[in-house]
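Some notes on the structure that comes next.
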Amino acid sequence: MATQHHSSALPIPAVSPAYPMAKPGYGKRSAPGQQPRTRDDFALLPTRERYVAGFVDHLPDGAAMSVKQLAKQLPLYGQQAIGTALKTLSVAGHLRRVRCSVGAGDETRWVFRTFWSRTAHDNEWWNTYLATEDATRATAPAAAPEAPAPSSLAAPAEAPAPTAVPLQRTPPEAATDTTPATAPAVPPVAPVAPACPAAPAASPALAAPPAALSPAYLALAELGRKDIRLALSADDCAALEPQAAAWFARGVDADYLIAALTAGLPAQVDCPPRFVRRRLADKIPPHRPAEHSSPGTSAPAPSPARRLLVECTECGRPGQPEALPDGLCRPCRAAHSESRQATSPDPAEIAAVKAHMANLRDLLKAP
């Protein structure tokens, strides 16, 4: 049974006006259904977790929630202690780390958010709320890609206008040059004619190599830009391309593959190709149901771009909310349960210690 910690509670530090805000779309997000703030908030948490929770609760929406930034503002604890406290707060039902894909089509990208609730909620509440949040986001961005469409159409309409002006000036100049003398007028026209076909002949040659690259190859090449620890050479991308293509064959996109391969990286990756090869084999997603292929191929395409994945608070592994109860993946959840069992004393040991201490007090009282 949990015990309160009123006596050992530390004063909550004030949020500095210079506390950094995350990039637009990232950072802290307040969940709905929270009770008003009181003095007894987080009273059932240990001292460190209560201290961190009180500080996070006073942060505004959009504030940076990385362990590094929190440790800078909370000098009593280091980054490892802050990370452990956040994991405990996740298990207690106060926060969930998620990855959201925003945008549409080829412009999708992943943003990282931390949903925070002063009032602790169970896994069922969080799963329902995140599913509702995902459904809301699925309909909201649908109208966004339609806005730039008129501007993109206006650009080509203006492009022919300037090109048509010099073409109209050329014939009169050619006519005036041929009037005084026909011999000098022929040489200037001759080099102009072959110069025009030469330009379009070079452009398709430059455009051919990018068109030959597969989405799997491009996703592997993008890993080094997302995280330098997974930088791959051209030969590495070509060798790993079949494994990455197997992911795309199962219905995922480049953003999903990159997010899965870069999640929870160790501090140092000695051999990036071997590390990526192992992750491609171990974390390959399951096959999607085939029932969505017959009605139409265009309808399921936008759905993978709009999704919300919960991120393990301990290692950063992404997954569906139902697969990460308490915000932890299965290995981290098992390790957390083992650590709690190891740190919680046995009732028999407590009774033995109390009996031993009572015996010592009796001996001290004896003459």
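Each chain in the structure tokens gets a letter, A, B, ..., in the order shown, and its residues are numbered from 1; ligands are numbered from 1 in order too.
Residues in contact range of stretch 83-96 of chain A, defined as at most 8 Å between only C-alpha atoms, with sequence neighbours fewer than 4 positions away removed, read Arg48, Glu49, Val52, Ala53, Val67, Gln79, Thr114, Phe115, Trp116, Ser117, Arg118, Thr119, Ala120, His121, Asp122, Asn123, Val310, Glu311, Thr313, Glu314, Asp326, Gly327 and Leu328 of chain A.
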The selected residues should be written to file as an mmCIF file, in the first residue's frame (atoms: N, CA and C atoms).
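The result, written out as result21.cif:
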data_model
loop_
_atom_site.group_PDB
_atom_site.id
_atom_site.type_symbol
_atom_site.label_atom_id
_atom_site.label_comp_id
_atom_site.auth_asym_id
_atom_site.auth_seq_id
_atom_site.Cartn_x
_atom_site.Cartn_y
_atom_site.Cartn_z
ATOM 1 N N ARG A 48 11.681 12.052 -4.783
ATOM 2 C CA ARG A 48 12.259 12.500 -6.057
ATOM 3 C C ARG A 48 11.196 12.629 -7.135
ATOM 4 N N GLU A 49 10.327 11.633 -7.252
ATOM 5 C CA GLU A 49 9.287 11.674 -8.278
ATOM 6 C C GLU A 49 8.298 12.809 -8.018
ATOM 7 N N VAL A 52 10.046 16.057 -9.194
ATOM 8 C CA VAL A 52 10.057 16.193 -10.652
ATOM 9 C C VAL A 52 8.643 16.431 -11.187
ATOM 10 N N ALA A 53 7.658 15.711 -10.633
ATOM 11 C CA ALA A 53 6.285 15.870 -11.110
ATOM 12 C C ALA A 53 5.767 17.275 -10.857
ATOM 13 N N VAL A 67 15.209 14.736 -21.119
ATOM 14 C CA VAL A 67 15.869 14.490 -19.836
ATOM 15 C C VAL A 67 16.998 15.494 -19.626
ATOM 16 N N GLN A 79 20.861 13.307 -15.025
ATOM 17 C CA GLN A 79 20.013 12.851 -16.120
ATOM 18 C C GLN A 79 19.493 11.438 -15.886
ATOM 19 N N THR A 114 5.103 14.738 -25.232
ATOM 20 C CA THR A 114 4.901 14.113 -23.925
ATOM 21 C C THR A 114 3.564 14.598 -23.382
ATOM 22 N N PHE A 115 2.596 13.710 -23.347
ATOM 23 C CA PHE A 115 1.285 14.055 -22.795
ATOM 24 C C PHE A 115 1.355 13.925 -21.278
ATOM 25 N N TRP A 116 0.933 14.974 -20.583
ATOM 26 C CA TRP A 116 1.051 15.050 -19.130
ATOM 27 C C TRP A 116 -0.325 15.234 -18.511
ATOM 28 N N SER A 117 -0.539 14.550 -17.393
ATOM 29 C CA SER A 117 -1.786 14.679 -16.644
ATOM 30 C C SER A 117 -1.454 14.760 -15.159
ATOM 31 N N ARG A 118 -1.907 15.843 -14.513
ATOM 32 C CA ARG A 118 -1.720 15.982 -13.068
ATOM 33 C C ARG A 118 -2.471 14.885 -12.327
ATOM 34 N N THR A 119 -3.620 14.506 -12.863
ATOM 35 C CA THR A 119 -4.412 13.419 -12.295
ATOM 36 C C THR A 119 -3.976 12.103 -12.921
ATOM 37 N N ALA A 120 -3.598 11.156 -12.098
ATOM 38 C CA ALA A 120 -3.135 9.868 -12.616
ATOM 39 C C ALA A 120 -4.292 9.093 -13.236
ATOM 40 N N HIS A 121 -4.036 8.428 -14.368
ATOM 41 C CA HIS A 121 -5.046 7.636 -15.061
ATOM 42 C C HIS A 121 -4.490 6.246 -15.340
ATOM 43 N N ASP A 122 -5.387 5.285 -15.494
ATOM 44 C CA ASP A 122 -4.958 3.925 -15.781
ATOM 45 C C ASP A 122 -4.726 3.750 -17.280
ATOM 46 N N ASN A 123 -4.308 2.536 -17.650
ATOM 47 C CA ASN A 123 -3.979 2.268 -19.047
ATOM 48 C C ASN A 123 -5.192 2.385 -19.959
ATOM 49 N N VAL A 310 2.889 5.209 -29.215
ATOM 50 C CA VAL A 310 3.424 5.450 -27.879
ATOM 51 C C VAL A 310 4.892 5.032 -27.863
ATOM 52 N N GLU A 311 5.703 5.828 -27.205
ATOM 53 C CA GLU A 311 7.138 5.554 -27.104
ATOM 54 C C GLU A 311 7.465 5.074 -25.698
ATOM 55 N N THR A 313 8.939 4.872 -22.318
ATOM 56 C CA THR A 313 9.580 5.927 -21.539
ATOM 57 C C THR A 313 11.007 5.572 -21.176
ATOM 58 N N GLU A 314 11.332 4.285 -21.148
ATOM 59 C CA GLU A 314 12.673 3.858 -20.749
ATOM 60 C C GLU A 314 13.639 3.806 -21.933
ATOM 61 N N ASP A 326 1.439 1.042 -19.131
ATOM 62 C CA ASP A 326 2.236 1.896 -18.243
ATOM 63 C C ASP A 326 3.307 2.673 -19.010
ATOM 64 N N GLY A 327 3.184 2.740 -20.347
ATOM 65 C CA GLY A 327 4.161 3.466 -21.142
ATOM 66 C C GLY A 327 5.490 2.765 -21.266
ATOM 67 N N LEU A 328 5.549 1.449 -21.018
ATOM 68 C CA LEU A 328 6.793 0.688 -21.077
ATOM 69 C C LEU A 328 6.612 -0.502 -22.009
#
Exercise. Please provide as a PyMOL selection string all residues within 9 Å of A:Ala64, with the sequence filter that same-chain residues fewer than 5 positions apart are discarded (counting only C-alpha atoms).
Key: chain A and resi 19-23+26-28+59+69-70
Nearby residues (only C-alpha atoms) at most 10 Å from A:Leu223, same-chain spacing under 3 positions excluded, as an mmCIF file with C-alpha atoms, in the first residue's frame:
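The resulting selection-v2.cif:
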data_model
loop_
_atom_site.group_PDB
_atom_site.id
_atom_site.type_symbol
_atom_site.label_atom_id
_atom_site.label_comp_id
_atom_site.auth_asym_id
_atom_site.auth_seq_id
_atom_site.Cartn_x
_atom_site.Cartn_y
_atom_site.Cartn_z
ATOM 1 C CA LEU A 218 16.377 6.347 -49.858
ATOM 2 C CA ALA A 219 15.130 5.523 -46.363
ATOM 3 C CA LEU A 220 18.409 3.826 -45.489
ATOM 4 C CA LYS A 226 18.510 11.569 -38.670
ATOM 5 C CA ASP A 227 21.260 10.176 -36.430
ATOM 6 C CA ILE A 228 24.966 10.240 -37.278
ATOM 7 C CA ARG A 229 25.475 6.974 -35.403
ATOM 8 C CA LEU A 230 23.647 5.146 -38.219
ATOM 9 C CA ALA A 231 25.443 6.742 -41.160
ATOM 10 C CA LEU A 232 25.642 4.219 -44.031
ATOM 11 C CA CYS A 237 22.458 0.945 -48.481
ATOM 12 C CA LEU A 257 11.129 2.552 -40.826
ATOM 13 C CA ILE A 258 13.434 5.425 -39.854
ATOM 14 C CA ALA A 259 11.686 5.925 -36.511
ATOM 15 C CA LEU A 261 15.582 1.939 -36.571
ATOM 16 C CA THR A 262 16.657 5.085 -34.699
ATOM 17 C CA VAL A 276 20.943 -1.796 -38.919
#
Quiz item: To one decimal place, how far is atom CA of A:Arg109 from atom CA of A:Arg279 in Å?
Solution: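 It comes out at 21.1 Å.
Of the residues under consideration (A:Val111, A:Ala239, A:Ala246, A:Leu364), A:Ala246 shows the shortest atom-to-atom contact distance to A:His287 when counting only C-alpha atoms.
Between atom CA of A:Pro46 and atom CA of A:Gln73 lies a distance of 19.4 Å.
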Exercise. Would you list, as a list in words, the residues of stretch 11-63 of chain A that end up in alpha helix (DSSP H) under DSSP run on this structure's backbone?
Key: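 Taking stretch 11-63 of chain A and keeping alpha helix (DSSP H) only, one gets Thr47, Arg48, Glu49, Arg50, Tyr51, Val52, Ala53, Gly54, Phe55, Val56 and Asp57 of chain A.
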Output N, CA and C atoms for every residue in the selection just made, as a short mmCIF file (atom, residue, chain, number, x, y, z; two decimals), in the first residue's frame.
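What landed in selection.cif:
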data_model
loop_
_atom_site.label_atom_id
_atom_site.label_comp_id
_atom_site.auth_asym_id
_atom_site.auth_seq_id
_atom_site.Cartn_x
_atom_site.Cartn_y
_atom_site.Cartn_z
N THR A 47 9.87 10.93 -2.86
CA THR A 47 10.31 12.33 -2.80
C THR A 47 10.82 12.82 -4.15
N ARG A 48 11.68 12.05 -4.78
CA ARG A 48 12.26 12.50 -6.06
C ARG A 48 11.20 12.63 -7.13
N GLU A 49 10.33 11.63 -7.25
CA GLU A 49 9.29 11.67 -8.28
C GLU A 49 8.30 12.81 -8.02
N ARG A 50 8.01 13.07 -6.76
CA ARG A 50 7.10 14.18 -6.43
C ARG A 50 7.75 15.52 -6.80
N TYR A 51 9.03 15.63 -6.57
CA TYR A 51 9.76 16.86 -6.90
C TYR A 51 9.74 17.11 -8.41
N VAL A 52 10.05 16.06 -9.19
CA VAL A 52 10.06 16.19 -10.65
C VAL A 52 8.64 16.43 -11.19
N ALA A 53 7.66 15.71 -10.63
CA ALA A 53 6.29 15.87 -11.11
C ALA A 53 5.77 17.28 -10.86
N GLY A 54 6.08 17.85 -9.68
CA GLY A 54 5.63 19.21 -9.41
C GLY A 54 6.22 20.22 -10.37
N PHE A 55 7.48 20.02 -10.76
CA PHE A 55 8.11 20.94 -11.71
C PHE A 55 7.51 20.79 -13.11
N VAL A 56 7.33 19.54 -13.55
CA VAL A 56 6.77 19.32 -14.89
C VAL A 56 5.33 19.84 -14.96
N ASP A 57 4.59 19.71 -13.87
CA ASP A 57 3.20 20.15 -13.87
C ASP A 57 3.08 21.65 -14.07
#
